[in-house]
file run-v7.json (JSON, C-alpha atoms)
[["chain", "number", "residue", "atom", "x", "y", "z"],
["A", 1, "ASP", "CA", -108.39, -140.56, 53.59],
["A", 2, "ALA", "CA", -106.10, -137.54, 53.22],
["A", 3, "ASP", "CA", -106.19, -133.87, 52.28],
["A", 4, "PRO", "CA", -103.39, -132.63, 49.97],
["A", 5, "PHE", "CA", -100.47, -130.49, 51.08],
["A", 6, "THR", "CA", -101.29, -126.85, 50.40],
["A", 7, "GLU", "CA", -97.77, -125.41, 50.59],
["A", 8, "ASN", "CA", -94.20, -126.59, 50.97],
["A", 9, "GLY", "CA", -93.40, -127.56, 54.55],
["A", 10, "ALA", "CA", -96.99, -127.39, 55.78],
["A", 11, "TYR", "CA", -98.80, -130.28, 57.43],
["A", 12, "ALA", "CA", -101.35, -132.37, 55.55],
["A", 13, "ALA", "CA", -104.52, -133.66, 57.18],
["A", 14, "VAL", "CA", -104.83, -137.46, 57.26],
["A", 15, "LYS", "CA", -107.51, -139.78, 58.59],
["A", 16, "SER", "CA", -106.76, -142.84, 60.69],
["A", 17, "GLY", "CA", -109.80, -144.87, 61.69],
["A", 18, "ASP", "CA", -112.48, -142.28, 62.31],
["A", 19, "LYS", "CA", -110.18, -139.43, 63.49],
["A", 20, "TRP", "CA", -108.08, -136.84, 61.68],
["A", 21, "GLY", "CA", -104.54, -135.73, 62.45],
["A", 22, "PHE", "CA", -101.59, -134.29, 60.52],
["A", 23, "VAL", "CA", -98.38, -135.50, 58.87],
["A", 24, "ASN", "CA", -95.31, -133.61, 57.66],
["A", 25, "THR", "CA", -93.83, -133.89, 54.17],
["A", 26, "ASN", "CA", -91.88, -137.01, 55.27],
["A", 27, "GLY", "CA", -95.11, -138.75, 56.21],
["A", 28, "ASP", "CA", -94.33, -138.56, 59.94],
["A", 29, "VAL", "CA", -97.34, -138.02, 62.23],
["A", 30, "VAL", "CA", -96.87, -134.59, 63.81],
["A", 31, "ILE", "CA", -100.34, -134.20, 65.36],
["A", 32, "GLU", "CA", -102.00, -137.43, 66.46],
["A", 33, "PRO", "CA", -105.44, -138.19, 64.98],
["A", 34, "GLN", "CA", -107.95, -136.69, 67.41],
["A", 35, "TYR", "CA", -110.34, -134.55, 65.35],
["A", 36, "GLU", "CA", -113.67, -135.31, 63.66],
["A", 37, "GLY", "CA", -112.48, -133.49, 60.54],
["A", 38, "ALA", "CA", -109.47, -131.49, 59.36],
["A", 39, "ARG", "CA", -108.14, -129.44, 56.47],
["A", 40, "SER", "CA", -104.44, -129.28, 55.66],
["A", 41, "PHE", "CA", -102.45, -126.39, 57.06],
["A", 42, "SER", "CA", -102.32, -123.22, 55.04],
["A", 43, "ASN", "CA", -100.37, -120.16, 56.14],
["A", 44, "GLY", "CA", -99.65, -121.59, 59.57],
["A", 45, "PHE", "CA", -103.16, -122.71, 60.50],
["A", 46, "GLY", "CA", -105.16, -125.91, 60.11],
["A", 47, "ALA", "CA", -108.94, -126.05, 60.28],
["A", 48, "VAL", "CA", -110.16, -128.80, 62.62],
["A", 49, "LYS", "CA", -113.59, -130.10, 63.58],
["A", 50, "LYS", "CA", -114.19, -130.81, 67.26],
["A", 51, "ASP", "CA", -117.54, -131.52, 68.94],
["A", 52, "GLY", "CA", -119.31, -130.85, 65.62],
["A", 53, "LYS", "CA", -117.81, -127.37, 65.06],
["A", 54, "TRP", "CA", -114.79, -126.05, 63.15],
["A", 55, "GLY", "CA", -111.94, -123.96, 64.54],
["A", 56, "PHE", "CA", -108.22, -123.45, 63.85],
["A", 57, "ILE", "CA", -105.02, -124.80, 65.37],
["A", 58, "ASP", "CA", -101.39, -123.79, 64.93],
["A", 59, "GLN", "CA", -98.56, -126.21, 64.14],
["A", 60, "ASN", "CA", -98.10, -126.93, 67.86],
["A", 61, "ASN", "CA", -101.72, -128.16, 68.04],
["A", 62, "LYS", "CA", -102.73, -125.08, 70.06],
["A", 63, "MET", "CA", -106.35, -124.05, 69.45],
["A", 64, "CYS", "CA", -106.01, -120.49, 68.11],
["A", 65, "ILE", "CA", -109.63, -119.96, 67.06],
["A", 66, "GLU", "CA", -112.13, -121.95, 69.12],
["A", 67, "PRO", "CA", -114.46, -124.35, 67.24],
["A", 68, "THR", "CA", -117.61, -122.29, 66.70],
["A", 69, "PHE", "CA", -118.18, -122.57, 62.95],
["A", 70, "ASP", "CA", -120.37, -124.96, 60.95],
["A", 71, "ASP", "CA", -117.64, -125.24, 58.29],
["A", 72, "ALA", "CA", -114.27, -123.66, 57.47],
["A", 73, "LYS", "CA", -111.94, -123.58, 54.49],
["A", 74, "TYR", "CA", -108.21, -122.81, 54.07],
["A", 75, "MET", "CA", -106.51, -119.65, 55.42],
["A", 76, "ASN", "CA", -105.07, -117.49, 52.64],
["A", 77, "SER", "CA", -101.79, -115.55, 52.73],
["A", 78, "ARG", "CA", -103.56, -112.41, 53.97],
["A", 79, "GLY", "CA", -105.09, -114.11, 57.01],
["A", 80, "ASN", "CA", -108.58, -114.46, 55.49],
["A", 81, "VAL", "CA", -110.69, -117.59, 55.52],
["A", 82, "PHE", "CA", -114.22, -118.53, 54.51],
["A", 83, "ILE", "CA", -116.31, -119.78, 57.42],
["A", 84, "LYS", "CA", -119.92, -120.93, 57.59],
["A", 85, "GLN", "CA", -122.28, -120.05, 60.43],
["A", 86, "ASN", "CA", -126.04, -120.48, 60.58],
["A", 87, "GLY", "CA", -126.15, -121.56, 56.94],
["A", 88, "LEU", "CA", -124.30, -118.47, 55.66],
["A", 89, "TRP", "CA", -120.75, -118.19, 54.36],
["A", 90, "SER", "CA", -118.67, -115.17, 55.36],
["A", 91, "THR", "CA", -115.02, -114.16, 55.62],
["A", 92, "LEU", "CA", -113.08, -114.19, 58.84],
["A", 93, "SER", "CA", -110.01, -111.93, 58.85],
["A", 94, "LEU", "CA", -107.17, -112.02, 61.36],
["A", 95, "TYR", "CA", -105.74, -108.70, 62.52],
["A", 96, "SER", "CA", -102.15, -108.19, 61.40],
["A", 97, "TYR", "CA", -100.76, -108.08, 64.95],
["A", 98, "ASN", "CA", -102.25, -111.53, 65.65],
["A", 99, "TYR", "CA", -101.33, -113.11, 62.31],
["A", 100, "LYS", "CA", -97.97, -114.78, 61.72]]

call {"tool": "encode", "arguments": {"input": "run-v7.json", "output": "C-alpha cells"}}
result
Amino acid sequence: DADPFTENGAYAAVKSGDKWGFVNTNGDVVIEPQYEGARSFSNGFGAVKKDGKWGFIDQNNKMCIEPTFDDAKYMNSRGNVFIKQNGLWSTLSLYSYNYK
C-alpha cells in the first residue's frame, strides 16, 4: 500500500508488511517501516500512528508532536492540520516561531 506524494521533494508513506515508512521521489527508503499508519509528508511533517495514536515527525524521523490523537490529516502551508480526539475533529495550529 502507498499514500501519494503531496508535494515535490516530500516523502511518501509506503507500507511494507504490516508497518509504514517513507520513500523519497526516487523510491529510496528514507525512513524504515516502523509505524502502524502514516500519511505522506506535507509542509515538512508526516503524520504517523504509533501505539494506536497519531502524531507528527519531521524528515529526520524526529517526533515533533507526540502521538496523542485518534486521527490526523495532512499539514497545510500555514501550519494547520485537522486532528481527531474523543470523536471530535478540530484544527491544530503551529505557532510561527515553531513552524518551518

call {"tool": "residues_around", "arguments": {"input": "run-v7.json", "residues": "stretch 14-23 of chain A", "least_positions_apart": "6", "cutoff": "7 Å", "atoms": "all atoms listed in the file", "output": "JSON, numbers by chain"}}
result
{"A": [1, 2, 3, 29, 30, 31, 32, 33, 34, 35, 36, 37, 38]}

call {"tool": "atom_distance", "arguments": {"input": "run-v7.json", "atom1": "atom CA of A:Phe69", "atom2": "atom CA of A:Leu88"}}
result
10.4 Å

call {"tool": "atom_distance", "arguments": {"input": "run-v7.json", "atom1": "atom CA of A:Gly9", "atom2": "atom CA of A:Val81"}}
result
20.0 Å

call {"tool": "closest_residue", "arguments": {"input": "run-v7.json", "among": "A:Ser77, A:Gly87, A:Asp70, A:Ala13", "to": "A:Asn43", "atoms": "all atoms listed in the file"}}
result
A:Ser77

call {"tool": "closest_residue", "arguments": {"input": "run-v7.json", "among": "A:Thr68, A:Arg39, A:Asn24, A:Tyr95", "to": "A:Asp51", "atoms": "only C-alpha atoms"}}
result
A:Thr68

call {"tool": "atom_distance", "arguments": {"input": "run-v7.json", "atom1": "atom CA of A:Ile65", "atom2": "atom CA of A:Thr25"}}
result
24.7 Å

call {"tool": "closest_residue", "arguments": {"input": "run-v7.json", "among": "A:Ile57, A:Phe41, A:Lys62, A:Lys49", "to": "A:Tyr74", "atoms": "only C-alpha atoms"}}
result
A:Phe41

call {"tool": "decode", "arguments": {"input": "run-v7.json", "residues": "chain A", "atoms": "C-alpha atoms", "output": "JSON list (two decimals), in the first residue's frame"}}
result
[["chain", "number", "residue", "atom", "x", "y", "z"],
["A", 1, "ASP", "CA", 0.00, 0.00, 0.00],
["A", 2, "ALA", "CA", 1.14, 3.59, -0.50],
["A", 3, "ASP", "CA", -0.01, 7.16, 0.05],
["A", 4, "PRO", "CA", 0.62, 9.62, -2.82],
["A", 5, "PHE", "CA", 3.28, 12.32, -2.80],
["A", 6, "THR", "CA", 1.71, 15.58, -1.67],
["A", 7, "GLU", "CA", 4.39, 17.98, -2.92],
["A", 8, "ASN", "CA", 7.59, 17.92, -4.94],
["A", 9, "GLY", "CA", 10.51, 16.60, -2.90],
["A", 10, "ALA", "CA", 8.40, 15.41, 0.02],
["A", 11, "TYR", "CA", 8.39, 11.84, 1.31],
["A", 12, "ALA", "CA", 5.55, 9.46, 0.50],
["A", 13, "ALA", "CA", 4.22, 6.96, 3.03],
["A", 14, "VAL", "CA", 4.57, 3.30, 1.99],
["A", 15, "LYS", "CA", 3.59, 0.06, 3.67],
["A", 16, "SER", "CA", 5.87, -2.95, 3.88],
["A", 17, "GLY", "CA", 4.38, -5.98, 5.60],
["A", 18, "ASP", "CA", 2.27, -4.52, 8.38],
["A", 19, "LYS", "CA", 4.38, -1.36, 9.02],
["A", 20, "TRP", "CA", 4.58, 2.04, 7.36],
["A", 21, "GLY", "CA", 7.67, 4.03, 6.44],
["A", 22, "PHE", "CA", 8.62, 6.65, 3.85],
["A", 23, "VAL", "CA", 10.32, 6.84, 0.45],
["A", 24, "ASN", "CA", 11.74, 9.78, -1.50],
["A", 25, "THR", "CA", 10.84, 10.64, -5.09],
["A", 26, "ASN", "CA", 13.48, 8.14, -6.33],
["A", 27, "GLY", "CA", 11.75, 5.33, -4.45],
["A", 28, "ASP", "CA", 14.58, 5.05, -1.91],
["A", 29, "VAL", "CA", 13.52, 4.19, 1.65],
["A", 30, "VAL", "CA", 14.36, 7.23, 3.78],
["A", 31, "ILE", "CA", 12.51, 6.22, 6.97],
["A", 32, "GLU", "CA", 12.32, 2.49, 7.62],
["A", 33, "PRO", "CA", 8.83, 0.99, 8.06],
["A", 34, "GLN", "CA", 8.11, 1.15, 11.79],
["A", 35, "TYR", "CA", 4.69, 2.78, 12.18],
["A", 36, "GLU", "CA", 1.16, 1.36, 12.40],
["A", 37, "GLY", "CA", -0.03, 4.01, 9.95],
["A", 38, "ALA", "CA", 1.33, 7.03, 8.09],
["A", 39, "ARG", "CA", 0.35, 9.90, 5.82],
["A", 40, "SER", "CA", 2.75, 11.34, 3.27],
["A", 41, "PHE", "CA", 4.74, 14.40, 4.27],
["A", 42, "SER", "CA", 3.18, 17.77, 3.69],
["A", 43, "ASN", "CA", 4.94, 21.02, 4.53],
["A", 44, "GLY", "CA", 7.77, 19.27, 6.33],
["A", 45, "PHE", "CA", 5.74, 16.95, 8.55],
["A", 46, "GLY", "CA", 4.39, 13.42, 8.24],
["A", 47, "ALA", "CA", 1.53, 12.08, 10.35],
["A", 48, "VAL", "CA", 2.37, 8.70, 11.90],
["A", 49, "LYS", "CA", 0.44, 6.24, 14.03],
["A", 50, "LYS", "CA", 2.28, 4.71, 16.98],
["A", 51, "ASP", "CA", 0.76, 2.69, 19.83],
["A", 52, "GLY", "CA", -2.72, 3.39, 18.43],
["A", 53, "LYS", "CA", -2.38, 7.19, 18.35],
["A", 54, "TRP", "CA", -1.34, 9.72, 15.70],
["A", 55, "GLY", "CA", 1.45, 12.30, 15.96],
["A", 56, "PHE", "CA", 3.87, 14.06, 13.60],
["A", 57, "ILE", "CA", 7.50, 13.52, 12.62],
["A", 58, "ASP", "CA", 9.94, 15.67, 10.68],
["A", 59, "GLN", "CA", 12.04, 14.45, 7.74],
["A", 60, "ASN", "CA", 14.74, 13.23, 10.15],
["A", 61, "ASN", "CA", 12.18, 10.91, 11.81],
["A", 62, "LYS", "CA", 12.16, 13.09, 14.95],
["A", 63, "MET", "CA", 8.80, 13.04, 16.75],
["A", 64, "CYS", "CA", 7.76, 16.71, 16.72],
["A", 65, "ILE", "CA", 4.21, 16.27, 18.02],
["A", 66, "GLU", "CA", 3.76, 13.26, 20.28],
["A", 67, "PRO", "CA", 1.15, 10.65, 19.27],
["A", 68, "THR", "CA", -1.95, 11.68, 21.22],
["A", 69, "PHE", "CA", -4.61, 11.95, 18.52],
["A", 70, "ASP", "CA", -7.20, 9.42, 17.34],
["A", 71, "ASP", "CA", -6.62, 10.50, 13.72],
["A", 72, "ALA", "CA", -4.69, 13.18, 11.82],
["A", 73, "LYS", "CA", -4.66, 14.54, 8.28],
["A", 74, "TYR", "CA", -2.09, 16.50, 6.22],
["A", 75, "MET", "CA", -0.39, 19.72, 7.42],
["A", 76, "ASN", "CA", -1.24, 22.70, 5.22],
["A", 77, "SER", "CA", 1.12, 25.51, 4.19],
["A", 78, "ARG", "CA", 0.04, 27.66, 7.15],
["A", 79, "GLY", "CA", 0.89, 25.02, 9.75],
["A", 80, "ASN", "CA", -2.71, 23.90, 10.32],
["A", 81, "VAL", "CA", -3.90, 20.31, 10.42],
["A", 82, "PHE", "CA", -7.16, 18.53, 11.21],
["A", 83, "ILE", "CA", -6.87, 16.17, 14.17],
["A", 84, "LYS", "CA", -9.44, 13.94, 15.84],
["A", 85, "GLN", "CA", -9.71, 13.49, 19.60],
["A", 86, "ASN", "CA", -12.51, 11.89, 21.58],
["A", 87, "GLY", "CA", -14.63, 11.53, 18.45],
["A", 88, "LEU", "CA", -14.40, 15.23, 17.50],
["A", 89, "TRP", "CA", -12.43, 16.84, 14.69],
["A", 90, "SER", "CA", -10.62, 20.11, 15.37],
["A", 91, "THR", "CA", -7.74, 22.14, 13.96],
["A", 92, "LEU", "CA", -4.26, 22.11, 15.41],
["A", 93, "SER", "CA", -2.17, 25.18, 14.54],
["A", 94, "LEU", "CA", 1.58, 25.50, 14.94],
["A", 95, "TYR", "CA", 2.93, 28.82, 16.19],
["A", 96, "SER", "CA", 5.01, 30.63, 13.58],
["A", 97, "TYR", "CA", 8.23, 30.50, 15.62],
["A", 98, "ASN", "CA", 7.97, 26.70, 15.80],
["A", 99, "TYR", "CA", 6.90, 26.13, 12.20],
["A", 100, "LYS", "CA", 9.43, 25.73, 9.38]]
